[in-house]
file structure29.txt (compact mmCIF, C-alpha atoms)
# COMPACT_ATOMS: atom_id res chain seq x y z
CA MET A 1 8.77 28.16 28.73
CA TRP A 2 5.13 28.83 27.94
CA PHE A 3 2.69 26.57 26.10
CA ARG A 4 -0.79 27.92 25.43
CA GLY A 5 -0.59 30.19 28.41
CA ILE A 6 0.56 27.47 30.79
CA LYS A 7 4.05 27.70 32.18
CA LEU A 8 5.60 24.26 32.16
CA PRO A 9 8.52 23.24 34.36
CA ARG A 10 11.77 23.04 32.47
CA CYS A 11 12.17 19.35 33.34
CA VAL A 12 8.78 18.56 31.76
CA VAL A 13 9.71 20.40 28.58
CA ILE A 14 13.05 18.60 28.38
CA ALA A 15 11.39 15.23 28.98
CA ALA A 16 8.80 15.94 26.29
CA CYS A 17 11.59 16.76 23.83
CA VAL A 18 13.74 13.77 24.76
CA LEU A 19 10.98 11.12 24.75
CA PRO A 20 10.52 10.83 20.94
CA VAL A 21 14.30 10.75 20.49
CA PHE A 22 14.49 7.93 23.03
CA LEU A 23 11.63 5.97 21.43
CA THR A 24 13.15 6.33 17.97
CA ALA A 25 16.62 5.37 19.19
CA LEU A 26 15.14 2.38 21.04
CA PHE A 27 13.46 1.20 17.87
CA TYR A 28 16.67 1.40 15.83
CA ALA A 29 18.61 -0.34 18.61
CA LEU A 30 16.13 -3.21 18.89
CA ARG A 31 15.07 -3.66 15.28
CA PRO A 32 17.82 -6.25 14.52
CA VAL A 33 16.24 -8.51 17.16
CA SER A 34 13.51 -10.29 15.21
CA SER A 35 11.81 -11.78 18.27
CA ILE A 36 11.36 -8.38 19.91
CA MET A 37 10.02 -6.84 16.70
CA GLY A 38 7.67 -9.80 16.34
CA TRP A 39 6.39 -9.26 19.88
CA ALA A 40 5.97 -5.53 19.24
CA SER A 41 4.09 -6.06 15.98
CA VAL A 42 1.65 -8.51 17.62
CA TYR A 43 1.15 -7.00 21.09
CA VAL A 44 1.82 -3.30 20.47
CA SER A 45 1.31 -2.44 16.82
CA ALA A 46 -1.67 -4.65 15.95
CA PRO A 47 -3.91 -3.62 18.91
CA ILE A 48 -3.18 0.09 18.49
CA ARG A 49 -3.67 0.02 14.71
CA GLY A 50 -6.87 -1.95 15.20
CA PHE A 51 -8.14 0.65 17.66
CA LEU A 52 -7.22 3.49 15.30
CA GLY A 53 -8.94 1.66 12.44
CA MET A 54 -12.07 1.30 14.53
CA LEU A 55 -12.09 5.03 15.33
CA SER A 56 -11.48 6.11 11.74
CA SER A 57 -14.15 3.68 10.44
CA VAL A 58 -16.80 5.92 11.99
CA TYR A 59 -16.18 8.44 9.22
CA PRO A 60 -16.99 7.70 5.55
CA PHE A 61 -14.08 9.85 4.37
CA SER A 62 -10.36 9.24 4.70
CA MET A 63 -9.03 10.55 8.00
CA MET A 64 -5.55 10.21 6.53
CA GLU A 65 -6.38 12.78 3.88
CA VAL A 66 -7.99 15.10 6.42
CA LEU A 67 -4.98 14.96 8.76
CA LEU A 68 -2.41 15.34 5.99
CA THR A 69 -4.32 18.24 4.42
CA ALA A 70 -4.64 19.97 7.79
CA ALA A 71 -0.94 19.39 8.51
CA VAL A 72 0.13 20.87 5.18
CA ILE A 73 -2.13 23.92 5.55
CA TRP A 74 -1.00 24.49 9.14
CA LEU A 75 2.67 24.06 8.22
CA ILE A 76 2.40 26.63 5.42
CA TYR A 77 0.69 29.05 7.78
CA TYR A 78 3.26 28.40 10.52
CA ILE A 79 6.20 28.98 8.18
CA ILE A 80 4.73 32.28 6.98
CA LYS A 81 3.95 33.31 10.55
CA THR A 82 7.46 32.37 11.70
CA ILE A 83 9.06 34.44 8.95
CA SER A 84 6.83 37.38 9.85
CA VAL A 85 7.48 37.17 13.61
CA THR A 86 11.21 36.60 13.22
CA ALA A 87 11.65 39.49 10.78
CA ARG A 88 10.16 42.19 13.00
CA ARG A 89 11.61 41.31 16.41
CA ARG A 90 14.97 41.34 18.05
CA GLY A 91 16.73 38.14 19.00
CA LYS A 92 15.80 36.52 15.70
CA TRP A 93 17.73 33.30 16.25
CA LYS A 94 16.25 32.74 19.68
CA ILE A 95 12.73 33.29 18.34
CA LEU A 96 13.41 31.04 15.37
CA VAL A 97 14.65 28.20 17.60
CA ARG A 98 11.65 28.53 19.90
CA ARG A 99 9.27 28.28 16.94
CA VAL A 100 11.06 25.54 15.03
CA LEU A 101 11.82 23.27 17.99
CA PRO A 102 8.16 22.31 18.75
CA VAL A 103 7.63 21.39 15.09
CA LEU A 104 10.72 19.19 15.08
CA VAL A 105 9.63 17.52 18.31
CA ALA A 106 6.14 16.90 16.90
CA ALA A 107 7.67 15.40 13.74
CA LEU A 108 9.84 13.13 15.88
CA TYR A 109 6.76 11.94 17.80
CA VAL A 110 5.04 11.08 14.50
CA TRP A 111 8.12 9.23 13.23
CA ALA A 112 8.58 7.33 16.51
CA LEU A 113 4.91 6.30 16.41
CA PHE A 114 5.21 5.23 12.78
CA CYS A 115 8.34 3.20 13.53
CA TRP A 116 6.65 1.21 16.28
CA LEU A 117 3.26 0.89 14.58
CA TRP A 118 4.48 0.00 11.11
CA ASN A 119 8.22 -0.23 10.50
CA SER A 120 8.56 -2.77 13.31
CA GLY A 121 6.68 -5.27 11.13
CA TYR A 122 9.40 -5.23 8.49
CA TYR A 123 11.84 -6.66 11.05
CA ALA A 124 9.47 -9.24 12.54
CA PRO A 125 9.11 -12.76 11.11
CA GLY A 126 7.13 -12.33 7.90
CA PHE A 127 4.00 -14.11 6.71
CA ALA A 128 6.00 -16.60 4.60
CA GLU A 129 8.34 -17.47 7.46
CA ARG A 130 5.50 -17.86 9.95
CA ASN A 131 3.62 -20.19 7.62
CA GLY A 132 6.47 -22.41 6.40
CA PHE A 133 7.00 -21.12 2.86
CA THR A 134 10.55 -21.95 1.74
CA GLY A 135 10.64 -21.42 -2.03
CA SER A 136 11.92 -24.96 -2.53
CA ALA A 137 9.01 -25.97 -4.78
CA VAL A 138 9.57 -23.19 -7.31
CA THR A 139 10.65 -24.51 -10.74
CA VAL A 140 10.13 -23.37 -14.32
CA ASP A 141 7.66 -26.22 -14.86
CA GLY A 142 5.80 -25.13 -11.75
CA LEU A 143 5.75 -21.54 -12.94
CA VAL A 144 4.35 -22.59 -16.32
CA SER A 145 1.66 -24.75 -14.71
CA VAL A 146 0.51 -22.06 -12.27
CA THR A 147 0.50 -19.40 -15.00
CA LYS A 148 -1.67 -21.63 -17.18
CA LEU A 149 -4.04 -22.17 -14.26
CA PHE A 150 -4.34 -18.43 -13.72
CA SER A 151 -4.88 -17.72 -17.41
CA ASP A 152 -7.56 -20.44 -17.69
CA ARG A 153 -9.42 -19.15 -14.63
CA ALA A 154 -9.14 -15.53 -15.79
CA ASN A 155 -10.62 -16.54 -19.16
CA GLU A 156 -13.51 -18.35 -17.47
CA LEU A 157 -14.26 -15.57 -14.98
CA SER A 158 -14.03 -12.82 -17.61
CA GLU A 159 -17.42 -14.03 -18.84
CA GLN A 160 -18.98 -14.02 -15.35
CA VAL A 161 -18.54 -10.32 -14.54
CA ARG A 162 -20.91 -7.61 -15.69
CA ARG A 163 -20.19 -5.93 -19.01
CA ASP A 164 -21.99 -3.46 -21.22
CA GLU A 165 -23.11 -4.11 -24.80
CA GLU A 166 -19.63 -3.32 -26.07
CA GLY A 167 -18.03 -5.77 -23.67
CA ARG A 168 -16.60 -3.17 -21.29
CA TYR A 169 -16.26 -4.13 -17.63
CA ILE A 170 -18.97 -2.32 -15.60
CA GLU A 171 -18.93 -3.78 -12.08
CA ASP A 172 -19.80 -1.22 -9.39
CA ARG A 173 -17.05 0.08 -7.09
CA ARG A 174 -19.39 0.65 -4.14
CA GLU A 175 -20.53 -2.95 -4.28
CA MET A 176 -16.88 -4.06 -4.31
CA PHE A 177 -16.11 -1.95 -1.25
CA ALA A 178 -19.14 -3.31 0.60
CA ALA A 179 -18.19 -6.92 -0.17
CA SER A 180 -14.46 -6.50 0.52
CA THR A 181 -14.64 -7.32 4.21
CA ASP A 182 -16.42 -10.66 3.55
CA ILE A 183 -13.86 -12.35 1.29
CA TRP A 184 -11.46 -13.55 3.98
CA ASP A 185 -13.20 -16.57 5.49
CA SER A 186 -11.45 -19.22 3.40
CA ILE A 187 -7.92 -17.84 3.64
CA THR A 188 -8.31 -17.08 7.35
CA ALA A 189 -9.35 -20.68 7.99
CA GLU A 190 -6.13 -21.81 6.29
CA PHE A 191 -3.90 -19.12 7.80
CA PRO A 192 -5.26 -18.21 11.27
CA SER A 193 -2.65 -15.46 11.70
CA LEU A 194 -4.75 -13.41 9.27
CA ASP A 195 -7.76 -13.47 11.55
CA GLY A 196 -8.58 -9.93 12.56
CA LYS A 197 -11.02 -7.07 12.20
CA ILE A 198 -10.94 -5.16 8.92
CA TYR A 199 -12.94 -2.12 7.97
CA ARG A 200 -14.49 -0.88 4.76
CA PRO A 201 -11.91 0.87 2.55
CA LYS A 202 -11.99 4.63 1.99
CA ALA A 203 -12.29 6.26 -1.44
CA MET A 204 -9.64 8.96 -1.71
CA VAL A 205 -10.50 12.55 -2.61
CA TYR A 206 -6.92 12.93 -3.83
CA SER A 207 -7.24 9.96 -6.19
CA TRP A 208 -6.15 12.19 -9.08
CA LEU A 209 -2.86 12.84 -7.29
CA MET A 210 -2.36 9.15 -6.55
CA SER A 211 -2.95 8.40 -10.23
CA ARG A 212 -0.39 10.97 -11.31
CA THR A 213 2.19 9.41 -9.02
CA GLY A 214 1.29 5.90 -10.15
CA TYR A 215 -0.22 4.39 -6.99
CA SER A 216 -3.55 2.63 -6.60
CA GLY A 217 -3.87 2.42 -2.82
CA MET A 218 -2.28 3.16 0.54
CA TYR A 219 -2.61 1.71 4.00
CA PHE A 220 -1.94 4.36 6.64
CA ALA A 221 -0.90 2.90 9.97
CA LEU A 222 -1.52 6.10 11.96
CA THR A 223 -5.25 5.96 11.20
CA GLY A 224 -5.55 2.22 10.49
CA GLU A 225 -7.23 2.91 7.14
CA ALA A 226 -7.13 1.24 3.74
CA ASN A 227 -7.23 4.20 1.32
CA ILE A 228 -8.07 3.47 -2.31
CA ASN A 229 -7.45 5.45 -5.49
CA VAL A 230 -10.83 5.35 -7.24
CA SER A 231 -9.75 7.01 -10.50
CA PRO A 232 -8.46 3.93 -12.39
CA PRO A 233 -10.74 1.39 -14.06
CA VAL A 234 -12.28 -0.82 -11.39
CA ILE A 235 -11.04 -4.08 -12.94
CA PHE A 236 -8.09 -4.54 -10.57
CA MET A 237 -9.64 -2.61 -7.69
CA PRO A 238 -10.81 -5.67 -5.70
CA ALA A 239 -7.20 -6.93 -5.60
CA THR A 240 -6.00 -3.47 -4.58
CA VAL A 241 -8.50 -3.36 -1.72
CA ALA A 242 -7.48 -6.85 -0.60
CA HIS A 243 -3.81 -5.80 -0.72
CA GLU A 244 -4.41 -2.85 1.61
CA HIS A 245 -6.55 -5.05 3.87
CA ALA A 246 -3.68 -7.54 4.02
CA HIS A 247 -1.55 -4.72 5.42
CA GLN A 248 -4.33 -3.97 7.89
CA LEU A 249 -4.18 -7.61 9.01
CA GLY A 250 -0.46 -7.39 9.72
CA VAL A 251 1.13 -8.51 6.45
CA TYR A 252 3.87 -5.93 6.04
CA ALA A 253 6.10 -6.92 3.10
CA GLU A 254 4.69 -5.93 -0.30
CA ASP A 255 5.32 -9.30 -1.97
CA GLU A 256 3.56 -11.10 0.87
CA ALA A 257 0.67 -8.62 0.85
CA ASN A 258 0.29 -9.19 -2.89
CA PHE A 259 0.28 -12.97 -2.39
CA VAL A 260 -2.22 -12.81 0.47
CA SER A 261 -4.50 -10.43 -1.44
CA ILE A 262 -4.46 -12.60 -4.56
CA LEU A 263 -5.17 -15.72 -2.52
CA ALA A 264 -7.97 -14.00 -0.61
CA CYS A 265 -9.56 -12.94 -3.89
CA VAL A 266 -9.29 -16.28 -5.72
CA THR A 267 -10.70 -18.20 -2.75
CA SER A 268 -13.45 -15.68 -1.97
CA GLY A 269 -16.31 -17.31 -3.88
CA ASN A 270 -17.09 -13.87 -5.31
CA ALA A 271 -16.60 -13.80 -9.10
CA VAL A 272 -15.66 -10.12 -9.15
CA PHE A 273 -12.91 -10.60 -6.59
CA GLU A 274 -11.83 -13.92 -8.09
CA TYR A 275 -11.42 -12.34 -11.52
CA ALA A 276 -9.37 -9.46 -10.13
CA GLY A 277 -7.22 -11.89 -8.14
CA TYR A 278 -6.48 -14.14 -11.10
CA LEU A 279 -5.80 -11.14 -13.35
CA SER A 280 -3.46 -9.57 -10.80
CA GLY A 281 -1.59 -12.83 -10.23
CA LEU A 282 -1.43 -13.54 -13.95
CA LYS A 283 0.27 -10.20 -14.58
CA HIS A 284 3.09 -11.05 -12.16
CA LEU A 285 3.34 -14.67 -13.32
CA LEU A 286 3.58 -13.71 -16.99
CA ASN A 287 6.27 -11.13 -16.26
CA ALA A 288 8.31 -13.83 -14.52
CA LEU A 289 7.62 -16.44 -17.20
CA ALA A 290 8.72 -14.15 -20.04
CA SER A 291 12.26 -14.13 -18.67
CA VAL A 292 12.63 -17.93 -18.42
CA ASP A 293 10.40 -19.55 -21.08
CA VAL A 294 9.41 -17.32 -23.99
CA GLU A 295 7.60 -20.11 -25.87
CA ALA A 296 5.35 -20.90 -22.91
CA TRP A 297 4.76 -17.18 -22.41
CA LEU A 298 3.69 -16.76 -26.05
CA GLU A 299 1.42 -19.80 -25.86
CA ILE A 300 -0.37 -18.48 -22.77
CA MET A 301 -0.62 -14.95 -24.17
CA ASP A 302 -2.25 -16.37 -27.32
CA SER A 303 -4.78 -18.26 -25.18
CA LEU A 304 -6.11 -15.17 -23.38
CA SER A 305 -9.71 -14.26 -24.17
CA ASP A 306 -10.74 -11.03 -25.88
CA GLU A 307 -12.33 -9.86 -22.61
CA VAL A 308 -9.10 -10.35 -20.65
CA ILE A 309 -7.09 -8.53 -23.30
CA ARG A 310 -9.64 -5.70 -23.41
CA ASP A 311 -9.58 -5.29 -19.62
CA TRP A 312 -5.80 -5.28 -19.50
CA GLN A 313 -5.60 -2.74 -22.30
CA GLU A 314 -8.13 -0.45 -20.61
CA ASN A 315 -6.15 -0.53 -17.38
CA SER A 316 -2.81 -0.01 -19.15
CA GLU A 317 -4.14 2.89 -21.22
CA PHE A 318 -5.35 4.64 -18.08
CA TRP A 319 -1.97 4.44 -16.35
CA ARG A 320 -0.16 5.54 -19.50
CA SER A 321 -2.47 8.56 -19.74
CA GLN A 322 -1.46 9.63 -16.24
CA ARG A 323 2.12 10.19 -17.39
CA THR A 324 1.06 12.95 -19.79
CA VAL A 325 -0.96 16.17 -19.64
CA ASN A 326 -3.18 17.21 -22.54
CA THR A 327 -4.63 20.71 -22.34
CA GLY A 328 -4.37 21.30 -26.08
CA ILE A 329 -1.65 23.93 -25.64
CA GLY A 330 1.62 22.44 -26.87
CA PHE A 331 4.26 24.09 -24.71
CA ILE A 332 2.10 23.94 -21.58
CA ASP A 333 1.44 20.24 -22.17
CA SER A 334 5.17 19.66 -22.57
CA ILE A 335 6.04 21.49 -19.36
CA LEU A 336 3.30 19.87 -17.28
CA THR A 337 4.07 16.41 -18.66
CA ASN A 338 7.73 16.80 -17.73
CA VAL A 339 6.73 17.96 -14.25
CA THR A 340 4.32 15.02 -13.86
CA VAL A 341 6.94 12.48 -14.93
CA SER A 342 9.58 14.08 -12.69
CA VAL A 343 7.28 14.10 -9.66
CA SER A 344 6.21 10.50 -10.28
CA ASP A 345 9.82 9.36 -10.64
CA ALA A 346 10.79 11.27 -7.50
CA VAL A 347 7.97 9.65 -5.51
CA ASP A 348 9.03 6.23 -6.81
CA SER A 349 12.63 6.93 -5.86
CA VAL A 350 11.72 8.03 -2.34
CA TYR A 351 9.40 5.06 -1.76
CA ASP A 352 11.91 2.64 -3.26
CA GLY A 353 14.56 4.01 -0.91
CA TYR A 354 12.18 3.76 2.04
CA LEU A 355 11.37 0.11 1.32
CA LYS A 356 15.05 -0.76 0.92
CA SER A 357 15.87 1.02 4.19
CA GLN A 358 13.30 -1.21 5.92
CA ARG A 359 14.90 -4.51 4.91
CA GLN A 360 12.89 -4.81 1.68
CA GLU A 361 15.92 -5.30 -0.55
CA LEU A 362 13.95 -5.34 -3.82
CA GLY A 363 12.36 -1.97 -3.14
CA LEU A 364 9.49 -1.32 -5.55
CA LYS A 365 10.31 -4.57 -7.37
CA SER A 366 9.08 -6.43 -4.28
CA TYR A 367 5.50 -5.84 -5.48
CA GLY A 368 6.11 -8.43 -8.21
CA ALA A 369 8.06 -10.83 -6.01
CA CYS A 370 4.91 -12.71 -4.97
CA VAL A 371 5.47 -15.14 -7.84
CA ASP A 372 7.52 -17.59 -5.77
CA LEU A 373 4.82 -17.70 -3.10
CA LEU A 374 2.07 -18.27 -5.67
CA VAL A 375 3.96 -21.07 -7.40
CA GLU A 376 4.88 -22.78 -4.12
CA TYR A 377 1.33 -22.53 -2.78
CA PHE A 378 -0.42 -23.97 -5.83
CA VAL A 379 2.22 -26.62 -6.57
CA MET A 380 2.59 -27.86 -2.99
CA ARG A 381 -1.18 -28.17 -2.66
CA SER A 382 -1.41 -30.02 -6.00
CA LEU A 383 -3.79 -27.39 -7.37
CA VAL A 384 -2.16 -27.46 -10.83

call {"tool": "encode", "arguments": {"input": "structure29.txt", "output": "structure tokens"}}
result
Amino acid sequence: MWFRGIKLPRCVVIAACVLPVFLTALFYALRPVSSIMGWASVYVSAPIRGFLGMLSSVYPFSMMEVLLTAAVIWLIYYIIKTISVTARRRGKWKILVRRVLPVLVAALYVWALFCWLWNSGYYAPGFAERNGFTGSAVTVDGLVSVTKLFSDRANELSEQVRRDEEGRYIEDRREMFAASTDIWDSITAEFPSLDGKIYRPKAMVYSWLMSRTGYSGMYFALTGEANINVSPPVIFMPATVAHEHAHQLGVYAEDEANFVSILACVTSGNAVFEYAGYLSGLKHLLNALASVDVEAWLEIMDSLSDEVIRDWQENSEFWRSQRTVNTGIGFIDSILTNVTVSVSDAVDSVYDGYLKSQRQELGLKSYGACVDLLVEYFVMRSLV
């Protein structure tokens, strides 16, 4: 068999094809063993992802977007070329197999790498387990107390961030990005497992696409980057950045990453990050409170300042707008809106299935499952 003009021995070709299958099979065989996955996430995944993050940090743009764009363009070209070559030659099936097999092998290498660099963390002891969180301190009274704390702090901090004459939030995204790597001192001192090198987040060129699918950020293990959707209002963006940095620091589960990001923000000493952290936590806490104590929920909602309500409404209006298309042409708007909603729902379904397949039983709902950790942390430390 030939590869770029070099004839490779058959045994080398077979080994190259078998290796990703072996690595993937090994991962699935060993993933039930938590201790092995924990070792792999600390001594294999973390160093490699850190090295990749260092390399990608050299570039101001998202290497994830560059690689994915190049892969899509190349794949389209390769499919067209394969159809063309196969159609005009004899032995079509043999040619087709020879052209498809390298692509499948390459895809298997990517998946094997992703399994060991990222999926392994889902089967390792999580942040909560490593740091003694049990959930035993979570009560309705505790939930009410912590929610009140978050609402009071959000009200206070809403007056400490920059606003225009009409009261609209106008903090600068670039300043947030620059400050994002300096907010971890306090939480790292309390939780040394979070100590690690993080790099400035990347603004995504495809932010419009992320908005249409309903996502505000993405950590990509194969480049070690925290990629941020910069289209939404910047109000919650500090918490989003901290969430992706939590992943970069080896916090895999979404509920734990949310908890760590909120805690990093509220202990940062930076009013912009503190405000985003308290707002983000308050959203999850209020959602939980509404299902167990409606009166307390109503009381806290009534206590929120005009600035908090305005910021929440601005953020909510943006995300609602991403579910519709408005070109001014009725039938086109209807078609494109239906396509947008269908694509967004499909992406949610795929990601939900992925999370559940990686031992995250709540799927997408795990993003809001940080409430127990927040309540336990603030109650056990007598902060409410």

call {"tool": "atom_distance", "arguments": {"input": "structure29.txt", "atom1": "atom CA of Ala242 of chain A", "atom2": "atom CA of Val44 of chain A"}}
result
23.3 Å

call {"tool": "atom_distance", "arguments": {"input": "structure29.txt", "atom1": "atom CA of Leu249 of chain A", "atom2": "atom CA of Leu68 of chain A"}}
result
23.2 Å

call {"tool": "residues_around", "arguments": {"input": "structure29.txt", "residues": "segment 154-156 of chain A", "least_positions_apart": "5", "cutoff": "9 Å", "atoms": "all atoms listed in the file", "output": "PDB file with C-alpha atoms, in the coordinates of the input"}}
result
ATOM      1  CA  LEU A 149      -4.040 -22.170 -14.260  1.00  0.00           C
ATOM      2  CA  GLU A 274     -11.830 -13.920  -8.090  1.00  0.00           C
ATOM      3  CA  TYR A 275     -11.420 -12.340 -11.520  1.00  0.00           C
ATOM      4  CA  ALA A 276      -9.370  -9.460 -10.130  1.00  0.00           C
ATOM      5  CA  GLY A 277      -7.220 -11.890  -8.140  1.00  0.00           C
ATOM      6  CA  TYR A 278      -6.480 -14.140 -11.100  1.00  0.00           C
ATOM      7  CA  LEU A 279      -5.800 -11.140 -13.350  1.00  0.00           C
ATOM      8  CA  LEU A 282      -1.430 -13.540 -13.950  1.00  0.00           C
ATOM      9  CA  SER A 303      -4.780 -18.260 -25.180  1.00  0.00           C
ATOM     10  CA  LEU A 304      -6.110 -15.170 -23.380  1.00  0.00           C
ATOM     11  CA  SER A 305      -9.710 -14.260 -24.170  1.00  0.00           C
ATOM     12  CA  ASP A 306     -10.740 -11.030 -25.880  1.00  0.00           C
ATOM     13  CA  GLU A 307     -12.330  -9.860 -22.610  1.00  0.00           C
ATOM     14  CA  VAL A 308      -9.100 -10.350 -20.650  1.00  0.00           C
TER      15      VAL A 308
END

call {"tool": "closest_atom_pairs", "arguments": {"input": "structure29.txt", "of": "segment 44-146 of chain A", "to": "segment 183-196 of chain A", "cutoff": "10 Å", "atoms": "only C-alpha atoms", "output": "JSON lines"}}
result
{"residue": "A:Ala46", "atom": "CA", "partner": "A:Gly196", "partner_atom": "CA", "distance": 9.3}
{"residue": "A:Gly50", "atom": "CA", "partner": "A:Gly196", "partner_atom": "CA", "distance": 8.6}
{"residue": "A:Phe127", "atom": "CA", "partner": "A:Ser193", "partner_atom": "CA", "distance": 8.4}
{"residue": "A:Arg130", "atom": "CA", "partner": "A:Ser193", "partner_atom": "CA", "distance": 8.7}
{"residue": "A:Asn131", "atom": "CA", "partner": "A:Phe191", "partner_atom": "CA", "distance": 7.6}

call {"tool": "atom_distance", "arguments": {"input": "structure29.txt", "atom1": "atom CA of Ser180 of chain A", "atom2": "atom CA of Arg200 of chain A"}}
result
7.0 Å

call {"tool": "closest_residue", "arguments": {"input": "structure29.txt", "among": "A:Tyr206, A:Ile228, A:Tyr215, A:Asn287", "to": "Thr69 of chain A", "atoms": "all atoms listed in the file"}}
result
A:Tyr206

call {"tool": "closest_residue", "arguments": {"input": "structure29.txt", "among": "A:Val205, A:Ala221, A:Val161, A:Val371", "to": "Val234 of chain A", "atoms": "only C-alpha atoms"}}
result
A:Val161

call {"tool": "closest_residue", "arguments": {"input": "structure29.txt", "among": "A:Ala40, A:Leu263, A:Pro32, A:Pro20", "to": "Trp111 of chain A", "atoms": "all atoms listed in the file"}}
result
A:Pro20

call {"tool": "closest_residue", "arguments": {"input": "structure29.txt", "among": "A:Phe378, A:Tyr43, A:Phe61, A:Trp118", "to": "Phe220 of chain A", "atoms": "all atoms listed in the file"}}
result
A:Trp118

call {"tool": "residues_around", "arguments": {"input": "structure29.txt", "residues": "Ser120 of chain A", "least_positions_apart": "4", "cutoff": "9 Å", "atoms": "all atoms listed in the file", "output": "list in words"}}
result
Phe27, Arg31, Met37, Gly38, Ala40, Ser41, Ser45, Phe114, Cys115, Trp116, Ala124 and Gln358 of chain A

call {"tool": "residues_around", "arguments": {"input": "structure29.txt", "residues": "segment 311-321 of chain A", "least_positions_apart": "4", "cutoff": "10 Å", "atoms": "all atoms listed in the file", "output": "MDAnalysis selection string"}}
result
chainID A and resid 158 167:169 211:215 231:236 279:280 283 306:307 325:326

call {"tool": "closest_residue", "arguments": {"input": "structure29.txt", "among": "A:Asp293, A:Glu171, A:Asp302, A:Asp345", "to": "Val144 of chain A", "atoms": "all atoms listed in the file"}}
result
A:Asp293

call {"tool": "residues_near_point", "arguments": {"input": "structure29.txt", "point": "(1.0, 18.4, -11.8)", "cutoff": "9 Å", "atoms": "all atoms listed in the file", "output": "PyMOL selection string"}}
result
chain A and resi 209+212+325+336-337+339-341+343

call {"tool": "write_last_selection", "arguments": {"input": "structure29.txt", "atoms": "C-alpha atoms", "output": "compact mmCIF listing (two decimals), keeping the file's coordinate frame"}}
result
# COMPACT_ATOMS: atom_id res chain seq x y z
CA LEU A 209 -2.86 12.84 -7.29
CA ARG A 212 -0.39 10.97 -11.31
CA VAL A 325 -0.96 16.17 -19.64
CA LEU A 336 3.30 19.87 -17.28
CA THR A 337 4.07 16.41 -18.66
CA VAL A 339 6.73 17.96 -14.25
CA THR A 340 4.32 15.02 -13.86
CA VAL A 341 6.94 12.48 -14.93
CA VAL A 343 7.28 14.10 -9.66

call {"tool": "closest_residue", "arguments": {"input": "structure29.txt", "among": "A:Pro125, A:Pro238, A:Gly217, A:Gly132", "to": "Thr181 of chain A", "atoms": "only C-alpha atoms"}}
result
A:Pro238
